[in-house]
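Undergrad: This is the content of coords03.cif (mmCIF, C-alpha atoms):
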```cif
data_run
#
loop_
_atom_site.group_PDB
_atom_site.id
_atom_site.type_symbol
_atom_site.label_atom_id
_atom_site.label_comp_id
_atom_site.auth_asym_id
_atom_site.auth_seq_id
_atom_site.Cartn_x
_atom_site.Cartn_y
_atom_site.Cartn_z
ATOM 1 C CA MET A 1 34.028 -63.750 -34.640
ATOM 2 C CA SER A 2 33.109 -61.177 -32.044
ATOM 3 C CA ARG A 3 30.032 -59.037 -32.073
ATOM 4 C CA HIS A 4 30.171 -55.336 -31.379
ATOM 5 C CA THR A 5 27.202 -53.331 -30.142
ATOM 6 C CA LEU A 6 27.240 -49.646 -30.923
ATOM 7 C CA THR A 7 25.793 -47.441 -28.198
ATOM 8 C CA PRO A 8 25.708 -43.659 -28.120
ATOM 9 C CA PRO A 9 28.164 -42.133 -25.645
ATOM 10 C CA ARG A 10 26.599 -41.060 -22.367
ATOM 11 C CA ALA A 11 28.207 -37.659 -22.442
ATOM 12 C CA ALA A 12 26.883 -36.912 -25.912
ATOM 13 C CA ALA A 13 23.412 -38.193 -25.092
ATOM 14 C CA ALA A 14 23.139 -36.119 -21.929
ATOM 15 C CA ALA A 15 24.719 -32.966 -23.288
ATOM 16 C CA PRO A 16 22.468 -29.928 -22.761
ATOM 17 C CA PRO A 17 21.160 -28.086 -25.801
ATOM 18 C CA ALA A 18 23.196 -25.044 -26.700
ATOM 19 C CA THR A 19 21.553 -21.648 -26.663
ATOM 20 C CA ASP A 20 21.409 -19.724 -29.925
ATOM 21 C CA PRO A 21 23.641 -16.608 -29.578
ATOM 22 C CA ARG A 22 21.552 -14.671 -32.108
ATOM 23 C CA ARG A 23 18.353 -15.500 -30.276
ATOM 24 C CA ARG A 24 19.903 -14.441 -26.973
ATOM 25 C CA SER A 25 21.044 -11.168 -28.531
ATOM 26 C CA GLY A 26 17.524 -10.554 -29.850
ATOM 27 C CA THR A 27 16.073 -11.251 -26.415
ATOM 28 C CA LEU A 28 18.478 -8.775 -24.812
ATOM 29 C CA LEU A 29 17.708 -6.120 -27.426
ATOM 30 C CA LEU A 30 13.954 -6.504 -26.943
ATOM 31 C CA ALA A 31 14.370 -6.359 -23.156
ATOM 32 C CA VAL A 32 16.431 -3.162 -23.356
ATOM 33 C CA LEU A 33 13.945 -1.532 -25.732
ATOM 34 C CA SER A 34 10.990 -2.463 -23.491
ATOM 35 C CA LEU A 35 12.632 -1.296 -20.279
ATOM 36 C CA GLY A 36 13.910 1.845 -21.996
ATOM 37 C CA SER A 37 10.383 2.688 -23.160
ATOM 38 C CA ALA A 38 9.023 2.157 -19.652
ATOM 39 C CA ALA A 39 11.803 4.324 -18.183
ATOM 40 C CA ALA A 40 11.168 7.117 -20.692
ATOM 41 C CA LEU A 41 7.443 7.129 -19.902
ATOM 42 C CA THR A 42 8.216 7.088 -16.185
ATOM 43 C CA LEU A 43 10.491 10.131 -16.367
ATOM 44 C CA THR A 44 8.004 11.988 -18.562
ATOM 45 C CA VAL A 45 5.028 11.379 -16.282
ATOM 46 C CA ARG A 46 6.986 12.033 -13.097
ATOM 47 C CA ALA A 47 7.966 15.467 -14.408
ATOM 48 C CA ASP A 48 4.270 16.443 -14.465
ATOM 49 C CA VAL A 49 1.901 13.806 -13.081
ATOM 50 C CA VAL A 50 -1.210 15.913 -13.682
ATOM 51 C CA ASN A 51 -0.543 17.051 -17.232
ATOM 52 C CA PRO A 52 2.169 15.045 -19.040
ATOM 53 C CA PRO A 53 2.712 15.794 -22.761
ATOM 54 C CA PHE A 54 0.400 12.962 -23.846
ATOM 55 C CA GLN A 55 -2.413 13.741 -21.390
ATOM 56 C CA GLY A 56 -4.604 14.926 -24.254
ATOM 57 C CA ALA A 57 -4.236 11.608 -26.064
ATOM 58 C CA ASP A 58 -4.965 9.750 -22.819
ATOM 59 C CA GLU A 59 -8.148 11.759 -22.314
ATOM 60 C CA ARG A 60 -9.319 11.228 -25.897
ATOM 61 C CA TRP A 61 -8.803 7.480 -25.532
ATOM 62 C CA LEU A 62 -10.747 7.528 -22.265
ATOM 63 C CA ASP A 63 -13.599 9.332 -24.036
ATOM 64 C CA TRP A 64 -13.672 6.517 -26.625
ATOM 65 C CA MET A 65 -13.951 4.080 -23.718
ATOM 66 C CA GLY A 66 -16.991 5.938 -22.433
ATOM 67 C CA GLY A 67 -19.539 3.172 -22.824
ATOM 68 C CA PRO A 68 -22.113 1.773 -22.694
ATOM 69 C CA HIS A 69 -20.511 -0.449 -20.083
ATOM 70 C CA ASP A 70 -22.652 -3.560 -20.309
ATOM 71 C CA GLY A 71 -23.082 -6.758 -22.311
ATOM 72 C CA PHE A 72 -20.217 -8.888 -23.590
ATOM 73 C CA PRO A 73 -17.481 -6.218 -23.178
ATOM 74 C CA ALA A 74 -18.441 -5.831 -19.530
ATOM 75 C CA ALA A 75 -18.140 -9.583 -18.961
ATOM 76 C CA VAL A 76 -14.722 -9.709 -20.662
ATOM 77 C CA ALA A 77 -13.440 -6.697 -18.725
ATOM 78 C CA ALA A 78 -14.692 -8.142 -15.424
ATOM 79 C CA ALA A 79 -13.018 -11.493 -16.151
ATOM 80 C CA LEU A 80 -9.718 -9.803 -17.006
ATOM 81 C CA ASP A 81 -9.946 -7.638 -13.888
ATOM 82 C CA TRP A 82 -10.425 -10.778 -11.790
ATOM 83 C CA PHE A 83 -7.613 -12.583 -13.620
ATOM 84 C CA GLY A 84 -5.221 -9.739 -12.901
ATOM 85 C CA GLY A 85 -6.319 -9.712 -9.265
ATOM 86 C CA PRO A 86 -6.780 -12.922 -7.238
ATOM 87 C CA LEU A 87 -6.214 -15.320 -10.137
ATOM 88 C CA GLY A 88 -3.097 -13.409 -11.111
ATOM 89 C CA VAL A 89 -1.472 -14.805 -7.969
ATOM 90 C CA VAL A 90 -2.941 -18.305 -8.229
ATOM 91 C CA VAL A 91 -1.538 -18.981 -11.704
ATOM 92 C CA PRO A 92 2.148 -18.314 -10.893
ATOM 93 C CA LEU A 93 1.835 -20.148 -7.573
ATOM 94 C CA SER A 94 0.346 -23.177 -9.337
ATOM 95 C CA LEU A 95 3.150 -23.055 -11.892
ATOM 96 C CA LEU A 96 5.695 -22.846 -9.069
ATOM 97 C CA VAL A 97 4.239 -25.949 -7.398
ATOM 98 C CA PHE A 98 4.289 -27.790 -10.733
ATOM 99 C CA LEU A 99 7.954 -26.963 -11.257
ATOM 100 C CA LEU A 100 8.873 -28.004 -7.724
ATOM 101 C CA VAL A 101 7.050 -31.326 -8.101
ATOM 102 C CA ARG A 102 8.952 -31.922 -11.346
ATOM 103 C CA ARG A 103 12.189 -30.984 -9.523
ATOM 104 C CA ARG A 104 12.952 -28.223 -11.952
ATOM 105 C CA TRP A 105 14.806 -26.195 -9.358
ATOM 106 C CA VAL A 106 16.369 -23.681 -11.746
ATOM 107 C CA SER A 107 13.032 -23.009 -13.431
ATOM 108 C CA ALA A 108 11.312 -22.613 -10.056
ATOM 109 C CA GLY A 109 13.939 -20.126 -8.901
ATOM 110 C CA PHE A 110 13.664 -18.249 -12.187
ATOM 111 C CA LEU A 111 9.875 -18.035 -11.872
ATOM 112 C CA LEU A 112 9.919 -16.910 -8.254
ATOM 113 C CA GLY A 113 12.653 -14.332 -8.776
ATOM 114 C CA VAL A 114 11.124 -12.819 -11.913
ATOM 115 C CA TYR A 115 7.639 -12.670 -10.424
ATOM 116 C CA LEU A 116 8.778 -11.046 -7.172
ATOM 117 C CA VAL A 117 11.100 -8.541 -8.863
ATOM 118 C CA GLY A 118 8.849 -7.763 -11.832
ATOM 119 C CA SER A 119 5.424 -7.663 -10.207
ATOM 120 C CA MET A 120 6.300 -6.276 -6.802
ATOM 121 C CA LEU A 121 9.605 -4.425 -6.889
ATOM 122 C CA VAL A 122 9.368 -2.843 -10.366
ATOM 123 C CA VAL A 123 5.632 -2.121 -10.553
ATOM 124 C CA GLN A 124 5.108 -1.075 -6.944
ATOM 125 C CA GLY A 125 8.348 0.885 -6.958
ATOM 126 C CA LEU A 126 7.229 2.860 -10.002
ATOM 127 C CA LYS A 127 3.794 3.442 -8.476
ATOM 128 C CA HIS A 128 5.344 5.024 -5.379
ATOM 129 C CA LEU A 129 7.905 6.936 -7.453
ATOM 130 C CA VAL A 130 5.372 8.511 -9.829
ATOM 131 C CA ASP A 131 2.059 8.488 -7.878
ATOM 132 C CA ARG A 132 -0.042 9.624 -10.847
ATOM 133 C CA PRO A 133 -3.736 10.343 -10.181
ATOM 134 C CA ARG A 134 -6.170 7.842 -11.704
ATOM 135 C CA PRO A 135 -9.018 8.728 -14.057
ATOM 136 C CA ALA A 136 -12.190 9.916 -12.360
ATOM 137 C CA ASP A 137 -14.775 7.351 -11.256
ATOM 138 C CA PRO A 138 -13.066 3.987 -11.894
ATOM 139 C CA MET A 139 -15.582 1.164 -12.169
ATOM 140 C CA VAL A 140 -13.530 -1.322 -10.145
ATOM 141 C CA ARG A 141 -11.718 -1.257 -6.852
ATOM 142 C CA VAL A 142 -8.216 0.218 -7.266
ATOM 143 C CA ASP A 143 -5.253 1.099 -5.089
ATOM 144 C CA HIS A 144 -3.153 4.250 -5.103
ATOM 145 C CA GLY A 145 -1.161 5.350 -8.108
ATOM 146 C CA SER A 146 -2.319 4.974 -11.686
ATOM 147 C CA PHE A 147 1.157 4.624 -13.256
ATOM 148 C CA PRO A 148 2.009 1.966 -14.334
ATOM 149 C CA SER A 149 -0.792 -0.560 -14.737
ATOM 150 C CA GLY A 150 -0.111 -3.577 -12.549
ATOM 151 C CA HIS A 151 -2.614 -5.678 -14.486
ATOM 152 C CA ALA A 152 -0.898 -4.956 -17.813
ATOM 153 C CA ALA A 153 2.537 -5.587 -16.315
ATOM 154 C CA GLY A 154 1.399 -8.862 -14.772
ATOM 155 C CA ALA A 155 -0.163 -10.042 -18.037
ATOM 156 C CA ALA A 156 2.990 -9.363 -20.072
ATOM 157 C CA LEU A 157 5.190 -10.892 -17.359
ATOM 158 C CA LEU A 158 3.075 -14.042 -17.194
ATOM 159 C CA VAL A 159 3.066 -14.446 -20.971
ATOM 160 C CA VAL A 160 6.870 -14.440 -21.053
ATOM 161 C CA LEU A 161 7.202 -16.756 -18.038
ATOM 162 C CA ILE A 162 4.841 -19.396 -19.408
ATOM 163 C CA GLY A 163 6.388 -19.124 -22.861
ATOM 164 C CA VAL A 164 9.866 -19.696 -21.451
ATOM 165 C CA LEU A 165 9.057 -22.448 -18.967
ATOM 166 C CA LEU A 166 6.229 -24.469 -20.522
ATOM 167 C CA VAL A 167 5.961 -23.820 -24.264
ATOM 168 C CA PRO A 168 8.304 -25.802 -26.562
ATOM 169 C CA ALA A 169 10.622 -23.621 -28.622
ATOM 170 C CA ALA A 170 9.032 -24.815 -31.883
ATOM 171 C CA ARG A 171 5.614 -23.498 -30.770
ATOM 172 C CA ARG A 172 6.652 -20.231 -29.157
ATOM 173 C CA ARG A 173 5.903 -18.061 -32.182
ATOM 174 C CA ALA A 174 2.195 -18.901 -31.944
ATOM 175 C CA TRP A 175 2.349 -18.427 -28.183
ATOM 176 C CA TRP A 176 3.883 -14.951 -28.525
ATOM 177 C CA VAL A 177 1.124 -13.926 -30.929
ATOM 178 C CA GLY A 178 -1.596 -15.182 -28.592
ATOM 179 C CA GLY A 179 0.159 -13.663 -25.584
ATOM 180 C CA THR A 180 0.364 -10.284 -27.302
ATOM 181 C CA VAL A 181 -3.376 -10.381 -28.010
ATOM 182 C CA PHE A 182 -4.037 -11.281 -24.366
ATOM 183 C CA THR A 183 -1.853 -8.423 -23.107
ATOM 184 C CA LEU A 184 -3.548 -5.935 -25.444
ATOM 185 C CA ALA A 185 -6.940 -7.148 -24.214
ATOM 186 C CA MET A 186 -5.812 -6.563 -20.630
ATOM 187 C CA MET A 187 -4.646 -3.057 -21.546
ATOM 188 C CA TRP A 188 -8.006 -2.339 -23.184
ATOM 189 C CA SER A 189 -9.927 -3.620 -20.166
ATOM 190 C CA ARG A 190 -8.059 -1.349 -17.737
ATOM 191 C CA THR A 191 -8.912 1.747 -19.763
ATOM 192 C CA TRP A 192 -12.460 0.567 -20.518
ATOM 193 C CA LEU A 193 -13.020 0.253 -16.765
ATOM 194 C CA HIS A 194 -11.533 3.759 -16.287
ATOM 195 C CA ALA A 195 -8.974 2.296 -13.899
ATOM 196 C CA HIS A 196 -5.959 3.580 -15.880
ATOM 197 C CA TRP A 197 -4.861 6.007 -18.543
ATOM 198 C CA LEU A 198 -3.727 4.433 -21.797
ATOM 199 C CA SER A 199 -0.095 5.429 -21.177
ATOM 200 C CA ASP A 200 -0.240 3.630 -17.809
ATOM 201 C CA THR A 201 -1.027 0.360 -19.559
ATOM 202 C CA VAL A 202 1.681 0.864 -22.182
ATOM 203 C CA ALA A 203 4.284 1.487 -19.485
ATOM 204 C CA GLY A 204 3.054 -1.485 -17.448
ATOM 205 C CA ALA A 205 3.205 -3.919 -20.350
ATOM 206 C CA ALA A 206 6.659 -2.650 -21.352
ATOM 207 C CA ALA A 207 7.993 -2.916 -17.795
ATOM 208 C CA GLY A 208 6.586 -6.409 -17.211
ATOM 209 C CA ALA A 209 7.760 -7.825 -20.519
ATOM 210 C CA GLY A 210 11.143 -6.105 -20.297
ATOM 211 C CA ALA A 211 11.885 -7.400 -16.802
ATOM 212 C CA ALA A 212 10.944 -10.967 -17.779
ATOM 213 C CA LEU A 213 12.926 -10.846 -21.034
ATOM 214 C CA LEU A 214 16.017 -9.493 -19.297
ATOM 215 C CA ALA A 215 15.835 -12.290 -16.731
ATOM 216 C CA TRP A 216 15.369 -14.851 -19.527
ATOM 217 C CA TRP A 217 18.476 -13.543 -21.260
ATOM 218 C CA ALA A 218 20.474 -13.868 -18.029
ATOM 219 C CA PHE A 219 19.118 -17.301 -17.057
ATOM 220 C CA SER A 220 18.895 -18.918 -20.493
ATOM 221 C CA PRO A 221 22.183 -20.918 -20.194
ATOM 222 C CA ALA A 222 21.121 -22.346 -16.824
ATOM 223 C CA LEU A 223 17.618 -23.128 -18.097
ATOM 224 C CA ALA A 224 19.099 -24.833 -21.172
ATOM 225 C CA ARG A 225 21.360 -26.982 -18.983
ATOM 226 C CA GLU A 226 18.377 -27.967 -16.866
ATOM 227 C CA ARG A 227 16.347 -28.929 -19.941
ATOM 228 C CA GLY A 228 19.271 -31.023 -21.131
ATOM 229 C CA ARG A 229 19.356 -32.952 -17.869
ATOM 230 C CA LEU A 230 15.621 -33.587 -17.599
ATOM 231 C CA PRO A 231 15.106 -36.097 -20.472
ATOM 232 C CA ARG A 232 18.231 -38.161 -19.596
ATOM 233 C CA PRO A 233 17.937 -40.548 -22.562
ATOM 234 C CA ARG A 234 18.950 -44.156 -21.890
ATOM 235 C CA PRO A 235 21.926 -45.615 -23.799
#
```
Kindly present the structure from the file in structure tokens form.

TA:
Amino acid sequence: MSRHTLTPPRAAAAAPPATDPRRRSGTLLLAVLSLGSAAALTLTVRADVVNPPFQGADERWLDWMGGPHDGFPAAVAAALDWFGGPLGVVVPLSLLVFLLVRRRWVSAGFLLGVYLVGSMLVVQGLKHLVDRPRPADPMVRVDHGSFPSGHAAGAALLVVLIGVLLVPAARRRAWWVGGTVFTLAMMWSRTWLHAHWLSDTVAGAAAGAGAALLAWWAFSPALARERGRLPRPRP
């Protein structure tokens, strides 16, 4: 009598996980809504950089952020300012090195492309296109152009990138909640430091998140195939 050993087929074991069409459609919809909001704010501000329709609301919010600028809020705002500055470059570079060491070539290309396009091309392009004056007397060192907020855009972009590349799908809901809180804190800090108008931070967060979500929608099949190859279960 012969013995038969059942082993799972190699092709089935190594097959990449399929992407959920409904989830992809939701990602695309959210990306379009975010980028559309950023585009609408851009056109509105560019039409009148000194006095856009919501300038009064921006000024009232800035009055609420009047102070006193000391204690725990000052420490939080300073930390977020530093995170969006020098550390804002260190984190994606460290993640890029990690992905290259793990030989996740598709993920590394996705990270590099999204970061360069989102942080530099989109944000800096909008800054030069609009060139909105900043609030008077910012409490930190700033460059030209208040619109949009580069710190808010970078925070939203980084939240999406880390969520896509490092956070397991089953835990992403908690990550999105925490990432939203972090992005809102960054938006608050930029207005509390009088570095941006409130609408600058809204446009920045929308542009950063929208660019990253659109890239995720486009790259999700390739990223799913890469994830399917990485574990390579043994028969």

Undergrad: I'd like the residues picked by the PyMOL selection byres ((chain A and resi 186-201) around 9) written out as a VMD selection string, using the chain letters and numbers from the file.

TA: chain A and resid 41 54 to 55 57 to 59 61 to 62 64 to 67 69 73 to 74 76 to 78 80 to 81 84 134 to 142 146 to 153 155 181 to 185 202 to 206

Undergrad: What is the atom CA of A:Val130-atom CA of A:Val91 distance in Å, reported with one decimal?

TA: 28.4 Å

Undergrad: When you count all atoms listed in the file, which of these residues is closest to A:Asn51: A:Lys127, A:Met120, A:Ser94, A:Pro133?

TA: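 Looking only at the distances to A:Asn51, the closest residue turns out to be A:Pro133.
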
Undergrad: Considering all atoms listed in the file, can you say which of A:Trp82, A:Thr27, A:Ala39, A:Leu121 comes closest to A:Val164?

TA: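 Of A:Trp82, A:Thr27, A:Ala39, A:Leu121, the one nearest A:Val164 is A:Thr27, counting all atoms listed in the file.
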
Undergrad: With distances taken over only C-alpha atoms, which of A:Ala38, A:Leu223, A:Leu112, A:Leu29 is nearest to A:Leu158?

TA: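 Nearest candidate to A:Leu158 out of A:Ala38, A:Leu223, A:Leu112, A:Leu29: A:Leu112.
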
Undergrad: At most 10 Å from (12.9, -21.6, -15.3), file frame, only C-alpha atoms: which residues, as a PyMOL selection string?

TA: chain A and resi 96+99+104-114+161-162+164-166+215-216+219-220+222-224+226-227

Undergrad: Ranking A:Ala211, A:Phe83, A:Ala169, A:Trp176 by minimum distance to A:Arg23 and counting only C-alpha atoms, which one comes first?

TA: A:Ala169

Undergrad: Report, in Å with one decimal, the straight-line distance from atom CA of A:Val50 to atom CA of A:Leu129.

TA: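 Here the two named atoms are 14.2 Å from each other.
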
Undergrad: Between atom CA of A:Ala156 and atom CA of A:Leu35, what distance in Å does the model show, to one decimal?

TA: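 Computing the Euclidean distance for atom CA of A:Ala156 and atom CA of A:Leu35 yields 12.6 Å.
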
Undergrad: Looking at A:Arg172, A:Arg22, A:Arg46, A:Arg229, which one is nearest to A:Leu126, with distances taken over all atoms listed in the file?

TA: A:Arg46
